[in-house]
$ cat my_file15.tsv   # TSV, C-alpha atoms and all ligand atoms
chain	number	residue	atom	x	y	z
A	165	MET	CA	-13.34	-160.37	-23.83
A	166	THR	CA	-12.35	-157.44	-26.03
A	167	ILE	CA	-14.35	-156.85	-29.20
A	168	ARG	CA	-11.95	-156.76	-32.15
A	169	ILE	CA	-12.95	-154.12	-34.71
A	170	GLY	CA	-11.93	-153.86	-38.36
A	171	ILE	CA	-12.39	-150.58	-40.27
A	172	LEU	CA	-12.99	-150.81	-44.01
A	173	GLY	CA	-12.49	-147.46	-45.74
A	174	TYR	CA	-10.56	-144.66	-44.11
A	175	GLY	CA	-12.26	-141.34	-44.86
A	176	ASN	CA	-13.90	-138.99	-42.32
A	177	LEU	CA	-16.05	-141.77	-40.90
A	178	GLY	CA	-13.25	-144.34	-40.79
A	179	LYS	CA	-11.11	-141.93	-38.79
A	180	GLY	CA	-14.08	-141.19	-36.51
A	181	VAL	CA	-14.51	-144.93	-35.84
A	182	GLU	CA	-10.83	-145.19	-34.97
A	183	CYS	CA	-11.26	-142.38	-32.40
A	184	ALA	CA	-14.45	-143.95	-30.99
A	185	VAL	CA	-12.76	-147.34	-30.54
A	186	LYS	CA	-10.09	-145.58	-28.47
A	187	HIS	CA	-12.78	-144.34	-26.08
A	188	ASN	CA	-14.46	-147.74	-25.60
A	189	PRO	CA	-12.28	-149.89	-23.34
A	190	ASP	CA	-14.12	-153.09	-24.28
A	191	MET	CA	-12.94	-152.69	-27.91
A	192	GLU	CA	-9.70	-152.77	-29.81
A	193	LEU	CA	-8.76	-151.94	-33.38
A	194	ALA	CA	-7.53	-155.03	-35.26
A	195	ALA	CA	-6.75	-153.45	-38.66
A	196	VAL	CA	-7.76	-150.77	-41.17
A	197	PHE	CA	-8.45	-151.82	-44.77
A	198	THR	CA	-8.33	-149.49	-47.75
A	199	ARG	CA	-8.72	-149.65	-51.52
A	200	ARG	CA	-5.92	-147.12	-51.90
A	201	ASP	CA	-2.20	-147.82	-51.53
A	202	PRO	CA	-1.95	-148.63	-47.77
A	203	ALA	CA	1.45	-146.93	-47.60
A	204	GLY	CA	-0.28	-143.61	-48.31
A	205	VAL	CA	-2.97	-143.98	-45.61
A	206	LYS	CA	-1.75	-142.77	-42.21
A	207	ILE	CA	-3.80	-143.77	-39.18
A	208	LEU	CA	-3.60	-142.68	-35.54
A	209	THR	CA	-3.45	-145.94	-33.54
A	210	PRO	CA	0.10	-147.05	-32.82
A	211	GLY	CA	0.96	-150.61	-33.82
A	212	VAL	CA	-2.13	-151.20	-36.00
A	213	LYS	CA	-1.68	-152.00	-39.67
A	214	VAL	CA	-3.29	-150.49	-42.74
A	215	LEU	CA	-3.85	-153.31	-45.22
A	216	PRO	CA	-5.23	-153.66	-48.74
A	217	VAL	CA	-8.93	-154.48	-48.80
A	218	GLU	CA	-8.14	-157.86	-50.41
A	219	ALA	CA	-6.39	-158.94	-47.16
A	220	ALA	CA	-9.57	-158.64	-45.08
A	221	VAL	CA	-11.11	-162.06	-45.66
A	222	GLY	CA	-7.85	-163.73	-44.63
A	223	MET	CA	-8.22	-162.02	-41.23
A	224	LYS	CA	-11.72	-163.33	-40.49
A	225	ASP	CA	-10.57	-165.02	-37.29
A	226	GLN	CA	-9.02	-161.85	-35.92
A	227	ILE	CA	-12.00	-159.53	-36.40
A	228	ASP	CA	-15.32	-159.71	-34.54
A	229	VAL	CA	-17.07	-156.83	-36.30
A	230	MET	CA	-16.11	-155.12	-39.57
A	231	ILE	CA	-17.28	-151.49	-39.69
A	232	LEU	CA	-17.90	-150.35	-43.24
A	233	CYS	CA	-17.00	-146.69	-43.69
A	234	GLY	CA	-17.42	-146.27	-47.45
A	235	GLY	CA	-19.78	-143.82	-49.12
A	236	SER	CA	-23.49	-144.60	-49.45
A	237	ALA	CA	-23.73	-143.78	-53.15
A	238	THR	CA	-21.60	-146.53	-54.66
A	239	ASP	CA	-19.43	-148.21	-51.96
A	240	LEU	CA	-21.86	-149.59	-49.38
A	241	PRO	CA	-24.42	-151.18	-51.77
A	242	VAL	CA	-21.57	-153.49	-52.86
A	243	GLN	CA	-19.36	-153.67	-49.76
A	244	THR	CA	-21.96	-154.35	-47.06
A	245	PRO	CA	-23.54	-157.46	-48.64
A	246	GLY	CA	-20.08	-158.58	-49.82
A	247	PHE	CA	-18.47	-158.42	-46.40
A	248	ALA	CA	-21.56	-159.76	-44.59
A	249	ARG	CA	-20.65	-163.08	-46.23
A	250	HIS	CA	-17.55	-163.19	-44.01
A	251	PHE	CA	-18.03	-160.85	-41.03
A	252	ASN	CA	-20.53	-159.29	-38.67
A	253	VAL	CA	-20.88	-155.83	-40.21
A	254	VAL	CA	-22.23	-152.37	-39.40
A	255	ASP	CA	-22.72	-149.56	-41.92
A	256	SER	CA	-24.16	-146.04	-42.06
A	257	PHE	CA	-26.02	-146.36	-45.39
A	258	ASP	CA	-28.04	-143.16	-45.71
A	259	THR	CA	-29.69	-143.19	-49.14
A	260	HIS	CA	-33.17	-143.22	-47.59
A	261	ALA	CA	-35.11	-144.40	-50.65
A	262	ASN	CA	-32.86	-147.45	-51.16
A	263	ILE	CA	-32.78	-148.73	-47.57
A	264	PRO	CA	-35.38	-151.51	-48.17
A	265	GLN	CA	-33.38	-152.82	-51.16
A	266	HIS	CA	-30.09	-152.59	-49.22
A	267	PHE	CA	-31.71	-154.46	-46.32
A	268	GLU	CA	-32.74	-157.33	-48.60
A	269	ALA	CA	-29.24	-157.68	-50.07
A	270	VAL	CA	-27.53	-157.65	-46.66
A	271	ASP	CA	-30.15	-159.95	-45.16
A	272	ALA	CA	-29.59	-162.56	-47.86
A	273	ALA	CA	-25.80	-162.48	-47.40
A	274	ALA	CA	-25.73	-162.35	-43.59
A	275	GLY	CA	-28.55	-164.89	-43.26
A	276	GLU	CA	-26.69	-167.38	-45.40
A	277	SER	CA	-23.30	-166.90	-43.72
A	278	GLY	CA	-24.72	-166.80	-40.16
A	279	HIS	CA	-23.58	-163.25	-39.39
A	280	VAL	CA	-25.34	-160.13	-38.10
A	281	GLY	CA	-25.38	-157.02	-40.32
A	282	ILE	CA	-26.72	-153.78	-38.84
A	283	ILE	CA	-27.36	-151.16	-41.52
A	284	SER	CA	-28.12	-147.43	-41.65
A	285	VAL	CA	-26.61	-146.65	-38.26
A	286	GLY	CA	-25.72	-143.05	-37.39
A	287	TRP	CA	-27.92	-140.11	-36.49
A	288	ASP	CA	-30.17	-139.76	-39.57
A	289	PRO	CA	-30.86	-142.53	-40.31
A	290	GLY	CA	-30.12	-143.85	-36.84
A	291	MET	CA	-30.78	-141.99	-33.59
A	292	PHE	CA	-33.33	-139.70	-35.31
A	293	SER	CA	-35.18	-142.72	-36.75
A	294	LEU	CA	-35.27	-144.34	-33.32
A	295	ASN	CA	-36.61	-141.21	-31.67
A	296	ARG	CA	-39.30	-140.78	-34.34
A	297	LEU	CA	-40.38	-144.38	-33.73
A	298	LEU	CA	-40.47	-143.99	-29.93
A	299	ALA	CA	-42.39	-140.72	-30.04
A	300	GLY	CA	-44.90	-142.06	-32.58
A	301	ALA	CA	-45.52	-145.20	-30.54
A	302	VAL	CA	-46.11	-143.21	-27.36
A	303	LEU	CA	-48.24	-140.45	-28.91
A	304	PRO	CA	-50.17	-142.08	-31.77
A	305	GLU	CA	-52.27	-138.95	-32.24
A	306	GLY	CA	-49.73	-136.34	-33.25
A	307	ARG	CA	-47.33	-135.02	-35.77
A	308	ASP	CA	-43.60	-135.47	-36.46
A	309	TYR	CA	-41.20	-132.69	-37.33
A	310	THR	CA	-37.53	-133.08	-38.23
A	311	PHE	CA	-35.28	-130.05	-38.53
A	312	TRP	CA	-31.66	-130.35	-39.64
A	313	GLY	CA	-28.82	-128.01	-38.76
A	314	LYS	CA	-27.19	-125.80	-38.31
A	315	GLY	CA	-24.78	-127.99	-40.23
A	316	VAL	CA	-22.73	-128.61	-43.32
A	317	SER	CA	-24.48	-130.50	-46.09
A	318	GLN	CA	-21.83	-132.33	-48.09
A	319	GLY	CA	-24.19	-132.94	-51.04
A	320	HIS	CA	-25.19	-129.28	-51.35
A	321	SER	CA	-21.57	-128.11	-50.97
A	322	ASP	CA	-20.58	-130.50	-53.80
A	323	ALA	CA	-23.42	-129.21	-56.00
A	324	ILE	CA	-22.09	-125.63	-55.67
A	325	ARG	CA	-18.52	-126.76	-56.42
A	326	ARG	CA	-19.71	-128.14	-59.77
A	327	ILE	CA	-20.76	-124.65	-60.98
A	328	PRO	CA	-18.21	-123.18	-63.44
A	329	GLY	CA	-16.20	-120.40	-61.78
A	330	VAL	CA	-16.49	-121.89	-58.26
A	331	LYS	CA	-13.25	-122.95	-56.61
A	332	ASP	CA	-14.61	-124.20	-53.31
A	333	ALA	CA	-17.80	-123.93	-51.25
A	334	ARG	CA	-19.45	-124.82	-47.98
A	335	GLN	CA	-23.22	-124.98	-47.53
A	336	TYR	CA	-25.01	-124.79	-44.18
A	337	THR	CA	-28.57	-125.95	-43.65
A	338	VAL	CA	-30.21	-123.76	-41.00
A	339	PRO	CA	-33.56	-124.36	-39.27
A	340	VAL	CA	-35.93	-121.37	-39.23
A	341	ASP	CA	-36.25	-120.18	-35.62
A	342	SER	CA	-39.91	-119.12	-35.86
A	343	ALA	CA	-40.91	-122.56	-37.27
A	344	LEU	CA	-39.07	-124.33	-34.47
A	345	ALA	CA	-40.70	-122.09	-31.87
A	346	SER	CA	-44.17	-122.79	-33.26
A	347	VAL	CA	-43.58	-126.57	-33.24
A	348	ARG	CA	-42.19	-126.46	-29.71
A	349	ALA	CA	-45.25	-124.52	-28.57
A	350	GLY	CA	-47.41	-127.45	-29.71
A	351	GLU	CA	-49.14	-125.39	-32.43
A	352	ASN	CA	-48.88	-128.24	-34.98
A	353	PRO	CA	-48.15	-125.85	-37.88
A	354	GLU	CA	-48.37	-126.89	-41.54
A	355	LEU	CA	-44.88	-126.03	-42.82
A	356	THR	CA	-43.61	-125.84	-46.38
A	357	THR	CA	-40.01	-126.72	-47.26
A	358	ARG	CA	-39.16	-122.99	-47.43
A	359	GLN	CA	-40.66	-122.30	-44.00
A	360	LYS	CA	-38.58	-124.98	-42.24
A	361	HIS	CA	-35.00	-124.39	-43.39
A	362	THR	CA	-32.82	-121.75	-45.02
A	363	ARG	CA	-29.57	-122.41	-46.86
A	364	ASP	CA	-26.38	-120.38	-46.30
A	365	CYS	CA	-23.63	-120.74	-48.87
A	366	TYR	CA	-20.00	-119.63	-48.51
A	367	VAL	CA	-18.35	-119.60	-51.91
A	368	VAL	CA	-14.77	-119.06	-53.10
A	369	ALA	CA	-14.90	-117.91	-56.72
A	370	GLU	CA	-12.16	-118.21	-59.28
A	371	GLU	CA	-10.42	-114.95	-60.15
A	372	GLY	CA	-12.44	-112.87	-62.60
A	373	ALA	CA	-15.53	-115.11	-62.35
A	374	ASP	CA	-18.97	-113.56	-62.84
A	375	LEU	CA	-20.28	-113.50	-59.25
A	376	LYS	CA	-23.81	-112.47	-60.22
A	377	ARG	CA	-24.14	-115.47	-62.56
A	378	ILE	CA	-22.79	-117.88	-59.92
A	379	GLU	CA	-25.24	-116.55	-57.34
A	380	GLU	CA	-28.17	-116.91	-59.80
A	381	GLU	CA	-27.13	-120.47	-60.63
A	382	ILE	CA	-26.99	-121.40	-56.96
A	383	VAL	CA	-30.29	-119.90	-55.79
A	384	ASN	CA	-32.21	-121.25	-58.79
A	385	MET	CA	-30.73	-124.77	-58.76
A	386	PRO	CA	-33.68	-127.19	-58.84
A	387	ASN	CA	-33.97	-129.78	-55.99
A	388	TYR	CA	-31.04	-128.28	-54.11
A	389	PHE	CA	-31.80	-124.57	-53.60
A	390	ALA	CA	-34.81	-123.35	-55.62
A	391	ASP	CA	-37.31	-124.33	-52.89
A	392	TYR	CA	-35.40	-122.53	-50.13
A	393	ASP	CA	-34.46	-119.00	-49.15
A	394	THR	CA	-30.77	-119.17	-50.01
A	395	THR	CA	-28.06	-116.64	-49.14
A	396	VAL	CA	-24.74	-116.61	-50.99
A	397	HIS	CA	-21.62	-115.08	-49.40
A	398	PHE	CA	-18.46	-114.77	-51.50
A	399	ILE	CA	-15.37	-115.16	-49.34
A	400	SER	CA	-11.63	-115.72	-49.78
A	401	GLU	CA	-9.95	-119.11	-49.69
A	402	GLU	CA	-8.27	-118.14	-46.39
A	403	GLU	CA	-11.63	-117.25	-44.82
A	404	LEU	CA	-13.09	-120.58	-45.93
A	405	GLN	CA	-10.17	-122.46	-44.35
A	406	ARG	CA	-10.24	-120.37	-41.18
A	407	ASP	CA	-13.97	-120.18	-40.50
A	408	HIS	CA	-15.57	-123.11	-42.34
A	409	SER	CA	-13.26	-126.11	-42.24
A	410	GLY	CA	-15.22	-128.03	-39.57
A	411	ILE	CA	-17.99	-130.56	-40.24
A	412	PRO	CA	-20.61	-129.57	-37.65
A	413	HIS	CA	-24.21	-130.76	-37.86
A	414	GLY	CA	-27.21	-131.68	-35.77
A	415	GLY	CA	-30.91	-131.08	-35.65
A	416	PHE	CA	-34.18	-131.73	-33.88
A	417	VAL	CA	-36.79	-134.48	-33.93
A	418	ILE	CA	-39.98	-133.21	-32.40
A	419	ARG	CA	-43.38	-134.86	-32.05
A	420	SER	CA	-46.32	-132.96	-30.66
A	421	GLY	CA	-49.40	-134.93	-29.81
A	422	HIS	CA	-52.53	-135.15	-27.71
A	423	THR	CA	-54.03	-137.39	-25.05
A	424	GLY	CA	-57.25	-137.35	-23.06
A	425	TRP	CA	-60.79	-138.36	-24.02
A	426	ASP	CA	-61.30	-135.24	-26.12
A	427	SER	CA	-57.58	-134.87	-26.89
A	428	GLU	CA	-57.57	-132.01	-24.43
A	429	HIS	CA	-53.97	-132.36	-23.27
A	430	SER	CA	-50.97	-131.73	-25.45
A	431	HIS	CA	-47.42	-133.05	-25.16
A	432	VAL	CA	-44.19	-132.24	-26.95
A	433	ILE	CA	-41.33	-134.72	-27.21
A	434	GLU	CA	-38.01	-133.34	-28.41
A	435	TYR	CA	-34.66	-134.96	-29.19
A	436	SER	CA	-31.89	-132.62	-30.21
A	437	LEU	CA	-28.29	-133.00	-31.39
A	438	LYS	CA	-25.64	-130.30	-31.63
A	439	LEU	CA	-22.61	-131.91	-33.19
A	440	ASP	CA	-19.16	-130.37	-33.50
A	441	SER	CA	-18.18	-133.20	-35.86
A	442	ASN	CA	-20.77	-135.10	-37.88
A	443	PRO	CA	-18.46	-138.04	-38.76
A	444	GLU	CA	-17.08	-138.44	-35.24
A	445	PHE	CA	-20.57	-138.52	-33.73
A	446	THR	CA	-21.87	-140.88	-36.44
A	447	ALA	CA	-18.88	-143.12	-35.72
A	448	SER	CA	-19.64	-143.12	-31.99
A	449	VAL	CA	-23.17	-144.37	-32.70
A	450	ILE	CA	-21.81	-147.02	-35.07
A	451	VAL	CA	-19.35	-148.34	-32.50
A	452	ALA	CA	-22.12	-148.80	-29.91
A	453	TYR	CA	-24.06	-150.78	-32.54
A	454	ALA	CA	-20.92	-152.82	-33.29
A	455	ARG	CA	-21.06	-153.96	-29.66
A	456	ALA	CA	-24.68	-154.98	-30.25
A	457	ALA	CA	-23.79	-156.84	-33.47
A	458	TYR	CA	-21.11	-158.77	-31.59
A	459	ARG	CA	-23.46	-159.74	-28.76
A	460	MET	CA	-26.39	-160.62	-31.01
A	461	ALA	CA	-24.16	-162.83	-33.16
A	462	ALA	CA	-22.77	-164.50	-30.03
A	463	GLU	CA	-26.38	-165.38	-29.12
A	464	GLY	CA	-26.82	-167.04	-32.50
A	465	GLN	CA	-28.84	-164.29	-34.20
A	466	LYS	CA	-28.22	-163.72	-37.90
A	467	GLY	CA	-29.36	-161.63	-40.86
A	468	CYS	CA	-29.85	-157.93	-41.41
A	469	LYS	CA	-31.04	-155.58	-38.65
A	470	THR	CA	-31.69	-151.87	-38.37
A	471	VAL	CA	-31.63	-149.70	-35.25
A	472	PHE	CA	-35.29	-150.66	-34.77
A	473	ASP	CA	-34.38	-154.30	-34.20
A	474	VAL	CA	-31.66	-153.79	-31.59
A	475	ALA	CA	-32.71	-153.71	-27.92
A	476	PRO	CA	-31.02	-150.80	-26.04
A	477	ALA	CA	-29.32	-153.12	-23.52
A	478	TYR	CA	-27.13	-154.53	-26.30
A	479	LEU	CA	-25.61	-151.09	-26.88
A	480	SER	CA	-24.29	-150.50	-23.39
A	481	PRO	CA	-21.02	-151.85	-22.07
A	482	MET	CA	-22.88	-152.58	-18.80
A	483	ASP	CA	-24.49	-155.97	-18.23
A	484	GLY	CA	-28.17	-156.48	-17.38
A	485	ALA	CA	-27.74	-156.42	-13.57
A	486	GLU	CA	-25.67	-153.24	-13.73
A	487	LEU	CA	-28.15	-151.60	-16.10
A	488	ARG	CA	-31.12	-152.39	-13.82
A	489	LYS	CA	-29.43	-150.35	-11.07
A	490	HIS	CA	-29.57	-147.39	-13.45
A	491	LEU	CA	-33.27	-147.58	-14.33
A	492	LEU	CA	-33.92	-144.54	-12.15
B	501	LIG	P1	-15.49	-139.90	-47.24
B	501	LIG	O1	-15.68	-139.40	-48.62
B	501	LIG	O2	-14.58	-139.15	-46.31
B	501	LIG	O3	-14.96	-141.42	-47.29
B	501	LIG	C1	-15.58	-142.42	-48.05
B	501	LIG	C2	-14.53	-143.36	-48.61
B	501	LIG	O4	-13.77	-142.69	-49.59
B	501	LIG	C3	-13.49	-143.83	-47.60
B	501	LIG	O5	-13.96	-144.94	-46.88
B	501	LIG	C4	-12.27	-144.14	-48.47
B	501	LIG	O6	-12.21	-145.55	-48.78
B	501	LIG	C5	-12.54	-143.37	-49.77
B	501	LIG	N1	-11.49	-142.42	-50.14
B	501	LIG	C6	-10.97	-142.33	-51.37
B	501	LIG	N2	-10.04	-141.38	-51.42
B	501	LIG	C7	-9.96	-140.82	-50.21
B	501	LIG	C8	-9.16	-139.79	-49.63
B	501	LIG	N3	-8.25	-139.13	-50.34
B	501	LIG	N4	-9.34	-139.47	-48.33
B	501	LIG	C9	-10.27	-140.12	-47.59
B	501	LIG	N5	-11.04	-141.14	-48.09
B	501	LIG	C10	-10.89	-141.48	-49.38
B	501	LIG	O7	-16.94	-140.03	-46.62
B	501	LIG	P2	-17.36	-139.94	-45.08
B	501	LIG	O8	-16.45	-140.82	-44.30
B	501	LIG	O9	-17.51	-138.51	-44.66
B	501	LIG	O10	-18.84	-140.55	-45.10
B	501	LIG	C11	-19.08	-141.92	-45.42
B	501	LIG	C12	-20.57	-142.16	-45.49
B	501	LIG	O11	-21.14	-142.06	-44.19
B	501	LIG	C13	-21.35	-141.14	-46.32
B	501	LIG	O12	-21.46	-141.58	-47.66
B	501	LIG	C14	-22.70	-141.12	-45.67
B	501	LIG	O13	-23.56	-141.90	-46.43
B	501	LIG	C15	-22.51	-141.80	-44.33
B	501	LIG	N6	-23.01	-140.97	-43.21
B	501	LIG	C16	-24.12	-141.38	-42.55
B	501	LIG	C17	-24.64	-140.64	-41.51
B	501	LIG	C18	-25.84	-141.12	-40.75
B	501	LIG	O14	-26.31	-140.39	-39.87
B	501	LIG	N7	-26.37	-142.30	-41.02
B	501	LIG	C19	-24.03	-139.36	-41.10
B	501	LIG	C20	-22.81	-139.04	-41.84
B	501	LIG	C21	-22.34	-139.81	-42.88
B	501	LIG	P3	-10.80	-146.23	-49.06
B	501	LIG	O15	-9.97	-146.05	-47.81
B	501	LIG	O16	-11.14	-147.64	-49.33
B	501	LIG	O17	-10.22	-145.52	-50.24

$ encode --input "my_file15.tsv" --output "structure tokens"
Amino acid sequence: MTIRIGILGYGNLGKGVECAVKHNPDMELAAVFTRRDPAGVKILTPGVKVLPVEAAVGMKDQIDVMILCGGSATDLPVQTPGFARHFNVVDSFDTHANIPQHFEAVDAAAGESGHVGIISVGWDPGMFSLNRLLAGAVLPEGRDYTFWGKGVSQGHSDAIRRIPGVKDARQYTVPVDSALASVRAGENPELTTRQKHTRDCYVVAEEGADLKRIEEEIVNMPNYFADYDTTVHFISEEELQRDHSGIPHGGFVIRSGHTGWDSEHSHVIEYSLKLDSNPEFTASVIVAYARAAYRMAAEGQKGCKTVFDVAPAYLSPMDGAELRKHLL
């Protein structure tokens, strides 16, 4: 039985989900839904329709899992509970502080309608959260470290673009090598924000703009840059297009801990991601969790789940017997 996927929202992530579905033979794309004029949204899969978002509920019987690819700020808090009333859903909600509230809203909707809704799927939250949980459970006496990058931070790039005189910008978050080395050596260092990451900014300024003022505004921007060592490079529009048009990201989740009667032995657990494309990787994680949502719903489960609630076997296209052959 093929799992029929709907995509709601066709931005970077929506396109990534479309690509991921192509690479999972047990899935097929049923339709893409958008709030924009469907005629203006071009997708890659031949023969699949782009439809207005209002048409989705009428296609309930043709979609097993609806993947919600809207933005976390304003789309998903409304769309995920709304569509959980009609579909099994998966989203990548990443506003960390609001996850408990989002969970409650989706749980109420999915619980009532008898669907499964898996929220906050991706890499952070998502695979990083899972690896922090596993490492903490295995080494209760220890310390967690998360480093992000090198990668593009969309939020920080947007913050720079809002400065008067800035035409375009790309911001990279970069882990500090010496901090990483110390953590990997099991030294359990106390690290400040500034000691863990630096921020590299590539900025295209408008003609005649005061570069000194723009640089000052960036490096002193509270919350975004003031607590970091920030470097600003002014470049041309062509250079930005040529060298900085990708959306790479990644990072490291590391836990160092101790075992033994007197905690005499130390251990370091490390999970690392080096991603050429943040949205395509996030989408690949989401699609595996869509398989889980489908299977869990088929078993009669309902309500909201996070990556913590989904057993790994549900993610794999292999069945239990096949998986047991791969335990070693
Ligand atoms: P985008 O801004 O590319 O897309 C968000 C939505 O914007 C789309 O679904 C689309 O909806 C709408 N949109 C409006 N106009 C356009 C346009 N001209 N072109 C494309 N889309 C348009 O965001 P991303 O896809 O990059 O990211 C979505 C969310 O994924 C982020 O908010 C973030 O929270 C989350 N995320 C989570 C990660 C994790 O690890 N958990 C990692 C990366 C991202 P419509 O088609 O209806 O107009």

$ atom_distance --input "my_file15.tsv" --atom1 "CA of Lys213 (chain A)" --atom2 "CA of Phe197 (chain A)"
8.5 Å

$ residues_around --input "my_file15.tsv" --residues "region 243-245 of chain A" --least-positions-apart "3" --cutoff "7 Å" --atoms "all atoms listed in the file" --output "ChimeraX atom specification"
/A:232,239-240,248-249,269-270,273

$ residues_near_ligand --input "my_file15.tsv" --ligand "ligand LIG 501 (chain B)" --cutoff "7 Å" --atoms "all atoms listed in the file" --output "ChimeraX atom specification"
/A:172-178,197-200,233-237,256-259,284-290,442-443,446

$ atom_distance --input "my_file15.tsv" --atom1 "CA of Thr423 (chain A)" --atom2 "CA of Val302 (chain A)"
10.1 Å

$ residues_around --input "my_file15.tsv" --residues "Ser430 (chain A)" --least-positions-apart "3" --cutoff "9 Å" --atoms "all atoms listed in the file" --output "number ranges by chain"
A: 350, 420-424, 427

$ residues_around --input "my_file15.tsv" --residues "region 467-470 of chain A" --least-positions-apart "6" --cutoff "10 Å" --atoms "all atoms listed in the file" --output "ChimeraX atom specification"
/A:245,248,252-255,263,266-285,289-290,293-294,453,457,461

$ atom_distance --input "my_file15.tsv" --atom1 "CA of Cys183 (chain A)" --atom2 "CA of Ile169 (chain A)"
12.1 Å

$ residues_around --input "my_file15.tsv" --residues "region 310-314 of chain A" --least-positions-apart "2" --cutoff "10 Å" --atoms "only C-alpha atoms" --output "PyMOL selection string"
chain A and resi 288+292+296+308+316-317+336-340+343-344+360-364+412-419+434-439

$ residues_around --input "my_file15.tsv" --residues "Ile207 (chain A)" --least-positions-apart "3" --cutoff "9 Å" --atoms "all atoms listed in the file" --output "PyMOL selection string"
chain A and resi 174+179+182+196+210+212-214

$ write_last_selection --input "my_file15.tsv" --atoms "C-alpha atoms" --output "PDB file, in the frame of the given file"
ATOM      1  CA  TYR A 174     -10.560-144.660 -44.110  1.00  0.00           C
ATOM      2  CA  LYS A 179     -11.110-141.930 -38.790  1.00  0.00           C
ATOM      3  CA  GLU A 182     -10.830-145.190 -34.970  1.00  0.00           C
ATOM      4  CA  VAL A 196      -7.760-150.770 -41.170  1.00  0.00           C
ATOM      5  CA  PRO A 210       0.100-147.050 -32.820  1.00  0.00           C
ATOM      6  CA  VAL A 212      -2.130-151.200 -36.000  1.00  0.00           C
ATOM      7  CA  LYS A 213      -1.680-152.000 -39.670  1.00  0.00           C
ATOM      8  CA  VAL A 214      -3.290-150.490 -42.740  1.00  0.00           C
TER       9      VAL A 214
END

$ closest_residue --input "my_file15.tsv" --among "A:Gly306, A:Pro264, A:Gly246, A:Gly464" --to "Glu351 (chain A)" --atoms "all atoms listed in the file"
A:Gly306

$ closest_residue --input "my_file15.tsv" --among "A:Glu402, A:Asp407, A:Glu381, A:Glu486" --to "Arg325 (chain A)" --atoms "all atoms listed in the file"
A:Glu381

$ closest_residue --input "my_file15.tsv" --among "A:Arg455, A:Ala333, A:Asp201, A:Met460" --to "Ser480 (chain A)" --atoms "all atoms listed in the file"
A:Arg455

$ closest_residue --input "my_file15.tsv" --among "A:Ala369, A:Val432, A:Ala475, A:Leu298" --to "Arg326 (chain A)" --atoms "all atoms listed in the file"
A:Ala369

$ closest_residue --input "my_file15.tsv" --among "A:Thr395, A:Ser400, A:Thr238, A:Ser342" --to "Glu370 (chain A)" --atoms "only C-alpha atoms"
A:Ser400

$ decode --input "my_file15.tsv" --residues "region 413-450 of chain A" --atoms "C-alpha atoms" --output "tab-separated table (two decimals), in the first residue's frame"
chain	number	residue	atom	x	y	z
A	413	HIS	CA	23.43	24.10	7.86
A	414	GLY	CA	24.25	21.48	10.44
A	415	GLY	CA	25.81	21.18	13.84
A	416	PHE	CA	26.81	18.93	16.69
A	417	VAL	CA	25.06	17.46	19.72
A	418	ILE	CA	27.63	16.26	22.19
A	419	ARG	CA	27.23	14.83	25.68
A	420	SER	CA	30.24	14.06	27.82
A	421	GLY	CA	29.65	12.07	30.96
A	422	HIS	CA	31.13	9.73	33.51
A	423	THR	CA	30.60	6.19	34.78
A	424	GLY	CA	32.28	4.05	37.41
A	425	TRP	CA	31.96	4.04	41.21
A	426	ASP	CA	34.01	7.20	41.56
A	427	SER	CA	33.04	8.50	38.11
A	428	GLU	CA	36.53	7.55	37.01
A	429	HIS	CA	35.71	6.81	33.37
A	430	SER	CA	34.60	9.38	30.87
A	431	HIS	CA	32.61	8.98	27.66
A	432	VAL	CA	31.76	11.31	24.82
A	433	ILE	CA	28.71	10.81	22.61
A	434	GLU	CA	28.57	12.88	19.44
A	435	TYR	CA	25.94	13.28	16.72
A	436	SER	CA	26.85	15.54	13.86
A	437	LEU	CA	25.10	16.86	10.75
A	438	LYS	CA	26.67	18.57	7.75
A	439	LEU	CA	23.83	19.63	5.51
A	440	ASP	CA	24.14	20.99	1.99
A	441	SER	CA	20.46	21.98	2.12
A	442	ASN	CA	18.68	22.64	5.40
A	443	PRO	CA	15.14	22.43	3.96
A	444	GLU	CA	15.80	19.28	1.93
A	445	PHE	CA	17.26	17.48	4.94
A	446	THR	CA	14.46	18.71	7.24
A	447	ALA	CA	11.97	17.45	4.65
A	448	SER	CA	13.64	14.03	4.55
A	449	VAL	CA	13.21	13.69	8.32
A	450	ILE	CA	9.59	14.82	8.05
